[in-house]
$ cat final11.cif   # mmCIF, N, CA and C atoms
data_entry
loop_
_atom_site.group_PDB
_atom_site.id
_atom_site.type_symbol
_atom_site.label_atom_id
_atom_site.label_comp_id
_atom_site.auth_asym_id
_atom_site.auth_seq_id
_atom_site.Cartn_x
_atom_site.Cartn_y
_atom_site.Cartn_z
ATOM 1 N N MET A 1 10.461 2.095 13.228
ATOM 2 C CA MET A 1 10.408 1.369 11.977
ATOM 3 C C MET A 1 11.746 0.667 11.778
ATOM 4 N N MET A 2 11.705 -0.644 11.657
ATOM 5 C CA MET A 2 12.910 -1.461 11.565
ATOM 6 C C MET A 2 13.773 -1.089 10.367
ATOM 7 N N ALA A 3 13.168 -0.711 9.247
ATOM 8 C CA ALA A 3 13.943 -0.379 8.054
ATOM 9 C C ALA A 3 14.924 0.751 8.321
ATOM 10 N N LEU A 4 14.603 1.648 9.225
ATOM 11 C CA LEU A 4 15.489 2.775 9.511
ATOM 12 C C LEU A 4 16.754 2.350 10.245
ATOM 13 N N ALA A 5 16.714 1.194 10.880
ATOM 14 C CA ALA A 5 17.851 0.732 11.658
ATOM 15 C C ALA A 5 18.955 0.132 10.783
ATOM 16 N N ILE A 6 18.643 -0.172 9.532
ATOM 17 C CA ILE A 6 19.606 -0.824 8.645
ATOM 18 C C ILE A 6 19.848 0.066 7.434
ATOM 19 N N GLU A 7 21.048 0.525 7.282
ATOM 20 C CA GLU A 7 21.385 1.422 6.170
ATOM 21 C C GLU A 7 21.085 0.753 4.824
ATOM 22 N N GLY A 8 20.441 1.506 3.952
ATOM 23 C CA GLY A 8 20.140 1.018 2.606
ATOM 24 C C GLY A 8 18.829 0.265 2.483
ATOM 25 N N VAL A 9 18.154 0.001 3.598
ATOM 26 C CA VAL A 9 16.875 -0.711 3.552
ATOM 27 C C VAL A 9 15.752 0.306 3.413
ATOM 28 N N MET A 10 14.875 0.068 2.464
ATOM 29 C CA MET A 10 13.745 0.953 2.210
ATOM 30 C C MET A 10 12.443 0.180 2.428
ATOM 31 N N PRO A 11 11.340 0.902 2.557
ATOM 32 C CA PRO A 11 10.065 0.225 2.836
ATOM 33 C C PRO A 11 9.586 -0.652 1.689
ATOM 34 N N CYS A 12 8.861 -1.676 2.058
ATOM 35 C CA CYS A 12 8.114 -2.508 1.116
ATOM 36 C C CYS A 12 6.678 -2.494 1.621
ATOM 37 N N ILE A 13 5.802 -1.857 0.870
ATOM 38 C CA ILE A 13 4.414 -1.708 1.292
ATOM 39 C C ILE A 13 3.545 -2.671 0.492
ATOM 40 N N ASP A 14 2.789 -3.483 1.200
ATOM 41 C CA ASP A 14 1.859 -4.399 0.557
ATOM 42 C C ASP A 14 0.471 -3.785 0.659
ATOM 43 N N PHE A 15 0.107 -3.014 -0.352
ATOM 44 C CA PHE A 15 -1.167 -2.310 -0.356
ATOM 45 C C PHE A 15 -2.348 -3.272 -0.314
ATOM 46 N N SER A 16 -2.233 -4.421 -0.944
ATOM 47 C CA SER A 16 -3.328 -5.395 -0.939
ATOM 48 C C SER A 16 -3.609 -5.919 0.461
ATOM 49 N N HIS A 17 -2.555 -6.183 1.214
ATOM 50 C CA HIS A 17 -2.761 -6.691 2.563
ATOM 51 C C HIS A 17 -3.251 -5.597 3.515
ATOM 52 N N LEU A 18 -2.832 -4.366 3.306
ATOM 53 C CA LEU A 18 -3.421 -3.271 4.089
ATOM 54 C C LEU A 18 -4.930 -3.228 3.854
ATOM 55 N N HIS A 19 -5.312 -3.358 2.597
ATOM 56 C CA HIS A 19 -6.723 -3.334 2.210
ATOM 57 C C HIS A 19 -7.484 -4.507 2.849
ATOM 58 N N ALA A 20 -6.915 -5.687 2.789
ATOM 59 C CA ALA A 20 -7.590 -6.875 3.331
ATOM 60 C C ALA A 20 -7.661 -6.852 4.851
ATOM 61 N N ARG A 21 -6.558 -6.506 5.509
ATOM 62 C CA ARG A 21 -6.525 -6.524 6.978
ATOM 63 C C ARG A 21 -7.427 -5.466 7.594
ATOM 64 N N SER A 22 -7.728 -4.432 6.806
ATOM 65 C CA SER A 22 -8.608 -3.375 7.311
ATOM 66 C C SER A 22 -10.052 -3.572 6.838
ATOM 67 N N SER A 23 -10.345 -4.732 6.280
ATOM 68 C CA SER A 23 -11.690 -5.063 5.780
ATOM 69 C C SER A 23 -12.201 -4.045 4.767
ATOM 70 N N GLY A 24 -11.320 -3.654 3.842
ATOM 71 C CA GLY A 24 -11.757 -2.815 2.731
ATOM 72 C C GLY A 24 -11.284 -1.377 2.757
ATOM 73 N N GLU A 25 -10.621 -0.971 3.837
ATOM 74 C CA GLU A 25 -10.068 0.381 3.854
ATOM 75 C C GLU A 25 -8.810 0.417 2.998
ATOM 76 N N TYR A 26 -8.113 1.528 3.003
ATOM 77 C CA TYR A 26 -6.929 1.728 2.166
ATOM 78 C C TYR A 26 -7.278 1.435 0.707
ATOM 79 N N ASN A 27 -8.334 2.114 0.251
ATOM 80 C CA ASN A 27 -8.832 1.871 -1.096
ATOM 81 C C ASN A 27 -9.331 3.159 -1.752
ATOM 82 N N THR A 28 -8.984 4.299 -1.163
ATOM 83 C CA THR A 28 -9.388 5.592 -1.729
ATOM 84 C C THR A 28 -8.147 6.447 -1.952
ATOM 85 N N LEU A 29 -8.283 7.438 -2.785
ATOM 86 C CA LEU A 29 -7.164 8.334 -3.050
ATOM 87 C C LEU A 29 -6.622 8.920 -1.747
ATOM 88 N N GLU A 30 -7.507 9.371 -0.878
ATOM 89 C CA GLU A 30 -7.076 9.977 0.386
ATOM 90 C C GLU A 30 -6.335 8.965 1.266
ATOM 91 N N GLU A 31 -6.811 7.734 1.312
ATOM 92 C CA GLU A 31 -6.134 6.704 2.119
ATOM 93 C C GLU A 31 -4.764 6.353 1.530
ATOM 94 N N PHE A 32 -4.660 6.287 0.212
ATOM 95 C CA PHE A 32 -3.358 6.030 -0.418
ATOM 96 C C PHE A 32 -2.400 7.181 -0.141
ATOM 97 N N ARG A 33 -2.908 8.393 -0.203
ATOM 98 C CA ARG A 33 -2.072 9.562 0.135
ATOM 99 C C ARG A 33 -1.564 9.459 1.572
ATOM 100 N N GLY A 34 -2.419 8.975 2.460
ATOM 101 C CA GLY A 34 -2.028 8.818 3.859
ATOM 102 C C GLY A 34 -0.889 7.834 4.039
ATOM 103 N N VAL A 35 -0.926 6.736 3.309
ATOM 104 C CA VAL A 35 0.171 5.761 3.373
ATOM 105 C C VAL A 35 1.454 6.414 2.875
ATOM 106 N N HIS A 36 1.362 7.121 1.764
ATOM 107 C CA HIS A 36 2.548 7.802 1.238
ATOM 108 C C HIS A 36 3.080 8.822 2.240
ATOM 109 N N GLY A 37 2.172 9.519 2.909
ATOM 110 C CA GLY A 37 2.583 10.499 3.910
ATOM 111 C C GLY A 37 3.350 9.861 5.050
ATOM 112 N N LYS A 38 2.908 8.681 5.495
ATOM 113 C CA LYS A 38 3.613 7.970 6.573
ATOM 114 C C LYS A 38 4.999 7.542 6.116
ATOM 115 N N VAL A 39 5.098 7.055 4.877
ATOM 116 C CA VAL A 39 6.409 6.660 4.358
ATOM 117 C C VAL A 39 7.324 7.877 4.287
ATOM 118 N N GLU A 40 6.793 8.971 3.792
ATOM 119 C CA GLU A 40 7.613 10.181 3.676
ATOM 120 C C GLU A 40 8.001 10.732 5.051
ATOM 121 N N GLU A 41 7.138 10.546 6.029
ATOM 122 C CA GLU A 41 7.398 11.038 7.388
ATOM 123 C C GLU A 41 8.568 10.312 8.041
ATOM 124 N N TYR A 42 8.665 9.006 7.855
ATOM 125 C CA TYR A 42 9.682 8.236 8.566
ATOM 126 C C TYR A 42 10.981 8.091 7.780
ATOM 127 N N PRO A 43 11.047 7.369 6.677
ATOM 128 C CA PRO A 43 12.340 7.333 5.990
ATOM 129 C C PRO A 43 12.604 8.589 5.170
ATOM 130 N N GLY A 44 11.597 9.398 4.948
ATOM 131 C CA GLY A 44 11.772 10.635 4.187
ATOM 132 C C GLY A 44 11.452 10.461 2.714
ATOM 133 N N ARG A 45 11.698 11.498 1.972
ATOM 134 C CA ARG A 45 11.388 11.515 0.542
ATOM 135 C C ARG A 45 12.036 10.338 -0.186
ATOM 136 N N GLU A 46 13.240 9.988 0.222
ATOM 137 C CA GLU A 46 13.932 8.862 -0.404
ATOM 138 C C GLU A 46 13.115 7.566 -0.267
ATOM 139 N N GLY A 47 12.386 7.443 0.839
ATOM 140 C CA GLY A 47 11.551 6.262 1.038
ATOM 141 C C GLY A 47 10.473 6.134 -0.024
ATOM 142 N N LEU A 48 9.890 7.258 -0.426
ATOM 143 C CA LEU A 48 8.884 7.232 -1.493
ATOM 144 C C LEU A 48 9.520 6.954 -2.846
ATOM 145 N N GLU A 49 10.681 7.525 -3.064
ATOM 146 C CA GLU A 49 11.323 7.395 -4.365
ATOM 147 C C GLU A 49 11.936 6.018 -4.591
ATOM 148 N N ASP A 50 12.224 5.293 -3.505
ATOM 149 C CA ASP A 50 12.875 3.991 -3.625
ATOM 150 C C ASP A 50 12.040 2.883 -2.983
ATOM 151 N N MET A 51 10.745 3.106 -2.867
ATOM 152 C CA MET A 51 9.857 2.157 -2.204
ATOM 153 C C MET A 51 9.511 0.995 -3.131
ATOM 154 N N HIS A 52 9.532 -0.192 -2.578
ATOM 155 C CA HIS A 52 9.035 -1.386 -3.275
ATOM 156 C C HIS A 52 7.603 -1.584 -2.812
ATOM 157 N N TRP A 53 6.695 -1.889 -3.734
ATOM 158 C CA TRP A 53 5.304 -2.076 -3.329
ATOM 159 C C TRP A 53 4.708 -3.259 -4.047
ATOM 160 N N HIS A 54 3.672 -3.789 -3.425
ATOM 161 C CA HIS A 54 2.976 -4.958 -3.946
ATOM 162 C C HIS A 54 1.494 -4.646 -3.999
ATOM 163 N N VAL A 55 0.852 -5.063 -5.055
ATOM 164 C CA VAL A 55 -0.596 -4.903 -5.168
ATOM 165 C C VAL A 55 -1.158 -6.037 -6.022
ATOM 166 N N SER A 56 -2.301 -6.516 -5.619
ATOM 167 C CA SER A 56 -3.041 -7.504 -6.403
ATOM 168 C C SER A 56 -4.480 -7.447 -5.935
ATOM 169 N N GLY A 57 -5.333 -8.093 -6.669
ATOM 170 C CA GLY A 57 -6.690 -8.253 -6.175
ATOM 171 C C GLY A 57 -6.646 -9.178 -4.973
ATOM 172 N N ILE A 58 -7.600 -9.010 -4.086
ATOM 173 C CA ILE A 58 -7.574 -9.835 -2.889
ATOM 174 C C ILE A 58 -8.996 -10.015 -2.360
ATOM 175 N N ALA A 59 -9.317 -11.234 -2.003
ATOM 176 C CA ALA A 59 -10.595 -11.520 -1.351
ATOM 177 C C ALA A 59 -10.329 -11.498 0.149
ATOM 178 N N TYR A 60 -11.231 -10.888 0.892
ATOM 179 C CA TYR A 60 -11.010 -10.750 2.328
ATOM 180 C C TYR A 60 -12.337 -10.873 3.071
ATOM 181 N N GLY A 61 -12.232 -11.132 4.345
ATOM 182 C CA GLY A 61 -13.393 -11.212 5.221
ATOM 183 C C GLY A 61 -13.077 -10.535 6.537
ATOM 184 N N ASP A 62 -13.842 -10.837 7.555
ATOM 185 C CA ASP A 62 -13.657 -10.217 8.863
ATOM 186 C C ASP A 62 -12.262 -10.444 9.443
ATOM 187 N N LYS A 63 -11.629 -11.550 9.078
ATOM 188 C CA LYS A 63 -10.312 -11.884 9.624
ATOM 189 C C LYS A 63 -9.178 -11.552 8.661
ATOM 190 N N GLY A 64 -9.476 -10.832 7.595
ATOM 191 C CA GLY A 64 -8.432 -10.430 6.656
ATOM 192 C C GLY A 64 -8.443 -11.233 5.376
ATOM 193 N N GLU A 65 -7.253 -11.467 4.844
ATOM 194 C CA GLU A 65 -7.102 -12.096 3.532
ATOM 195 C C GLU A 65 -7.640 -13.518 3.489
ATOM 196 N N LYS A 66 -8.377 -13.800 2.412
ATOM 197 C CA LYS A 66 -8.786 -15.170 2.110
ATOM 198 C C LYS A 66 -7.896 -15.727 1.005
ATOM 199 N N ASN A 67 -7.794 -14.991 -0.098
ATOM 200 C CA ASN A 67 -6.939 -15.405 -1.206
ATOM 201 C C ASN A 67 -6.750 -14.243 -2.181
ATOM 202 N N HIS A 68 -5.737 -14.374 -3.000
ATOM 203 C CA HIS A 68 -5.485 -13.358 -4.020
ATOM 204 C C HIS A 68 -6.424 -13.580 -5.199
ATOM 205 N N LEU A 69 -6.722 -12.489 -5.901
ATOM 206 C CA LEU A 69 -7.598 -12.519 -7.070
ATOM 207 C C LEU A 69 -6.928 -11.777 -8.220
ATOM 208 N N VAL A 70 -7.418 -12.008 -9.412
ATOM 209 C CA VAL A 70 -7.040 -11.168 -10.536
ATOM 210 C C VAL A 70 -7.533 -9.761 -10.194
ATOM 211 N N LEU A 71 -6.709 -8.769 -10.423
ATOM 212 C CA LEU A 71 -7.032 -7.396 -10.017
ATOM 213 C C LEU A 71 -8.417 -6.969 -10.497
ATOM 214 N N ARG A 72 -8.742 -7.255 -11.745
ATOM 215 C CA ARG A 72 -10.051 -6.863 -12.303
ATOM 216 C C ARG A 72 -11.234 -7.536 -11.617
ATOM 217 N N GLU A 73 -10.988 -8.632 -10.936
ATOM 218 C CA GLU A 73 -12.065 -9.374 -10.275
ATOM 219 C C GLU A 73 -12.221 -8.983 -8.808
ATOM 220 N N SER A 74 -11.515 -7.956 -8.395
ATOM 221 C CA SER A 74 -11.549 -7.553 -6.996
ATOM 222 C C SER A 74 -12.177 -6.163 -6.865
ATOM 223 N N ASP A 75 -12.333 -5.719 -5.630
ATOM 224 C CA ASP A 75 -12.849 -4.366 -5.389
ATOM 225 C C ASP A 75 -11.717 -3.360 -5.204
ATOM 226 N N TYR A 76 -10.481 -3.763 -5.513
ATOM 227 C CA TYR A 76 -9.334 -2.889 -5.308
ATOM 228 C C TYR A 76 -9.380 -1.714 -6.275
ATOM 229 N N ASN A 77 -9.185 -0.517 -5.734
ATOM 230 C CA ASN A 77 -9.285 0.725 -6.495
ATOM 231 C C ASN A 77 -7.910 1.098 -7.062
ATOM 232 N N CYS A 78 -7.517 0.381 -8.077
ATOM 233 C CA CYS A 78 -6.199 0.576 -8.681
ATOM 234 C C CYS A 78 -6.060 1.977 -9.283
ATOM 235 N N ALA A 79 -7.133 2.538 -9.812
ATOM 236 C CA ALA A 79 -7.071 3.873 -10.428
ATOM 237 C C ALA A 79 -6.655 4.928 -9.404
ATOM 238 N N ASP A 80 -7.245 4.900 -8.211
ATOM 239 C CA ASP A 80 -6.866 5.867 -7.174
ATOM 240 C C ASP A 80 -5.459 5.599 -6.649
ATOM 241 N N MET A 81 -5.080 4.322 -6.536
ATOM 242 C CA MET A 81 -3.733 4.012 -6.082
ATOM 243 C C MET A 81 -2.706 4.594 -7.052
ATOM 244 N N MET A 82 -2.928 4.412 -8.350
ATOM 245 C CA MET A 82 -1.998 4.938 -9.346
ATOM 246 C C MET A 82 -2.012 6.464 -9.375
ATOM 247 N N ALA A 83 -3.175 7.072 -9.152
ATOM 248 C CA ALA A 83 -3.254 8.537 -9.088
ATOM 249 C C ALA A 83 -2.403 9.058 -7.937
ATOM 250 N N ALA A 84 -2.442 8.368 -6.796
ATOM 251 C CA ALA A 84 -1.633 8.781 -5.648
ATOM 252 C C ALA A 84 -0.147 8.666 -5.967
ATOM 253 N N PHE A 85 0.254 7.620 -6.668
ATOM 254 C CA PHE A 85 1.657 7.491 -7.056
ATOM 255 C C PHE A 85 2.069 8.574 -8.034
ATOM 256 N N ARG A 86 1.201 8.902 -8.959
ATOM 257 C CA ARG A 86 1.529 9.965 -9.926
ATOM 258 C C ARG A 86 1.724 11.305 -9.235
ATOM 259 N N GLU A 87 1.005 11.542 -8.152
ATOM 260 C CA GLU A 87 1.147 12.806 -7.410
ATOM 261 C C GLU A 87 2.517 12.924 -6.732
ATOM 262 N N GLN A 88 3.108 11.802 -6.432
ATOM 263 C CA GLN A 88 4.376 11.824 -5.716
ATOM 264 C C GLN A 88 5.456 12.235 -6.660
#
$ encode --input "final11.cif" --output "structure tokens"
Amino acid sequence: MMALAIEGVMPCIDFSHLHARSSGEYNTLEEFRGVHGKVEEYPGREGLEDMHWHVSGIAYGDKGEKNHLVLRESDYNCADMMAAFREQ
């Protein structure tokens, strides 16, 4: 992970693009927990505590992102994403 090579650099996770590039995955509580687990595994607990993240609604197809959407107009499971953050 490149962020580990530079002191002071922490992860920036784009949850919307993970969701789009996987054609709808990364949209459940368990999948969000898995992302957090990977962050905690590599940069450590500090990575979770100082992580920058991005989320928005997103339209996607077989090849990934088509365009961003208003969150309420998308299939993005914001409730589970926030539940996973609260657990951390």
$ atom_distance --input "final11.cif" --atom1 "atom CA of Gly57 of chain A" --atom2 "atom N of Ser74 of chain A"
5.3 Å
$ atom_distance --input "final11.cif" --atom1 "atom CA of Tyr42 of chain A" --atom2 "atom CA of Ala84 of chain A"
18.2 Å
$ atom_distance --input "final11.cif" --atom1 "atom N of Glu73 of chain A" --atom2 "atom C of Ser56 of chain A"
8.3 Å
$ resolve_selection --input "final11.cif" --expression "the PyMOL selection byres ((chain A and resi 76) around 8)" --output "list in words"
Ser16, His19, Tyr26, Asn27, Thr28, Ser56, Gly57, Ile58, Leu71, Arg72, Glu73, Ser74, Asp75, Asn77, Cys78, Ala79, Asp80 and Met81 of chain A
$ write_last_selection --input "final11.cif" --atoms "N, CA and C atoms" --output "PDB file, keeping the file's coordinate frame"
ATOM      1  N   SER A  16      -2.233  -4.421  -0.944  1.00  0.00           N
ATOM      2  CA  SER A  16      -3.328  -5.395  -0.939  1.00  0.00           C
ATOM      3  C   SER A  16      -3.609  -5.919   0.461  1.00  0.00           C
ATOM      4  N   HIS A  19      -5.312  -3.358   2.597  1.00  0.00           N
ATOM      5  CA  HIS A  19      -6.723  -3.334   2.210  1.00  0.00           C
ATOM      6  C   HIS A  19      -7.484  -4.507   2.849  1.00  0.00           C
ATOM      7  N   TYR A  26      -8.113   1.528   3.003  1.00  0.00           N
ATOM      8  CA  TYR A  26      -6.929   1.728   2.166  1.00  0.00           C
ATOM      9  C   TYR A  26      -7.278   1.435   0.707  1.00  0.00           C
ATOM     10  N   ASN A  27      -8.334   2.114   0.251  1.00  0.00           N
ATOM     11  CA  ASN A  27      -8.832   1.871  -1.096  1.00  0.00           C
ATOM     12  C   ASN A  27      -9.331   3.159  -1.752  1.00  0.00           C
ATOM     13  N   THR A  28      -8.984   4.299  -1.163  1.00  0.00           N
ATOM     14  CA  THR A  28      -9.388   5.592  -1.729  1.00  0.00           C
ATOM     15  C   THR A  28      -8.147   6.447  -1.952  1.00  0.00           C
ATOM     16  N   SER A  56      -2.301  -6.516  -5.619  1.00  0.00           N
ATOM     17  CA  SER A  56      -3.041  -7.504  -6.403  1.00  0.00           C
ATOM     18  C   SER A  56      -4.480  -7.447  -5.935  1.00  0.00           C
ATOM     19  N   GLY A  57      -5.333  -8.093  -6.669  1.00  0.00           N
ATOM     20  CA  GLY A  57      -6.690  -8.253  -6.175  1.00  0.00           C
ATOM     21  C   GLY A  57      -6.646  -9.178  -4.973  1.00  0.00           C
ATOM     22  N   ILE A  58      -7.600  -9.010  -4.086  1.00  0.00           N
ATOM     23  CA  ILE A  58      -7.574  -9.835  -2.889  1.00  0.00           C
ATOM     24  C   ILE A  58      -8.996 -10.015  -2.360  1.00  0.00           C
ATOM     25  N   LEU A  71      -6.709  -8.769 -10.423  1.00  0.00           N
ATOM     26  CA  LEU A  71      -7.032  -7.396 -10.017  1.00  0.00           C
ATOM     27  C   LEU A  71      -8.417  -6.969 -10.497  1.00  0.00           C
ATOM     28  N   ARG A  72      -8.742  -7.255 -11.745  1.00  0.00           N
ATOM     29  CA  ARG A  72     -10.051  -6.863 -12.303  1.00  0.00           C
ATOM     30  C   ARG A  72     -11.234  -7.536 -11.617  1.00  0.00           C
ATOM     31  N   GLU A  73     -10.988  -8.632 -10.936  1.00  0.00           N
ATOM     32  CA  GLU A  73     -12.065  -9.374 -10.275  1.00  0.00           C
ATOM     33  C   GLU A  73     -12.221  -8.983  -8.808  1.00  0.00           C
ATOM     34  N   SER A  74     -11.515  -7.956  -8.395  1.00  0.00           N
ATOM     35  CA  SER A  74     -11.549  -7.553  -6.996  1.00  0.00           C
ATOM     36  C   SER A  74     -12.177  -6.163  -6.865  1.00  0.00           C
ATOM     37  N   ASP A  75     -12.333  -5.719  -5.630  1.00  0.00           N
ATOM     38  CA  ASP A  75     -12.849  -4.366  -5.389  1.00  0.00           C
ATOM     39  C   ASP A  75     -11.717  -3.360  -5.204  1.00  0.00           C
ATOM     40  N   ASN A  77      -9.185  -0.517  -5.734  1.00  0.00           N
ATOM     41  CA  ASN A  77      -9.285   0.725  -6.495  1.00  0.00           C
ATOM     42  C   ASN A  77      -7.910   1.098  -7.062  1.00  0.00           C
ATOM     43  N   CYS A  78      -7.517   0.381  -8.077  1.00  0.00           N
ATOM     44  CA  CYS A  78      -6.199   0.576  -8.681  1.00  0.00           C
ATOM     45  C   CYS A  78      -6.060   1.977  -9.283  1.00  0.00           C
ATOM     46  N   ALA A  79      -7.133   2.538  -9.812  1.00  0.00           N
ATOM     47  CA  ALA A  79      -7.071   3.873 -10.428  1.00  0.00           C
ATOM     48  C   ALA A  79      -6.655   4.928  -9.404  1.00  0.00           C
ATOM     49  N   ASP A  80      -7.245   4.900  -8.211  1.00  0.00           N
ATOM     50  CA  ASP A  80      -6.866   5.867  -7.174  1.00  0.00           C
ATOM     51  C   ASP A  80      -5.459   5.599  -6.649  1.00  0.00           C
ATOM     52  N   MET A  81      -5.080   4.322  -6.536  1.00  0.00           N
ATOM     53  CA  MET A  81      -3.733   4.012  -6.082  1.00  0.00           C
ATOM     54  C   MET A  81      -2.706   4.594  -7.052  1.00  0.00           C
TER      55      MET A  81
END
$ closest_residue --input "final11.cif" --among "A:Pro11, A:Ala83, A:Lys38, A:Ala20" --to "Lys66 of chain A" --atoms "all atoms listed in the file"
A:Ala20
$ select_by_dssp --input "final11.cif" --residues "chain A" --states "strand (DSSP E or B)" --output "list of chain:residue names"
A:Cys12, A:Ile13, A:Asp14, A:His52, A:Trp53, A:His54, A:Gly57, A:Ile58, A:Ala59, A:Tyr60, A:Gly61, A:Gly64, A:Glu65, A:Lys66, A:Asn67, A:His68, A:Leu69
$ resolve_selection --input "final11.cif" --expression "the PyMOL selection byres ((chain A and resi 63) around 8)" --output "list in words"
Ala20, Arg21, Ser22, Ser23, Tyr60, Gly61, Asp62, Gly64, Glu65 and Lys66 of chain A
$ select_by_dssp --input "final11.cif" --residues "chain A" --states "helix (DSSP H, G or I)" --output "MDAnalysis selection string"
chainID A and resid 2:5 15:21 29:41 45:49 71:73 78:87
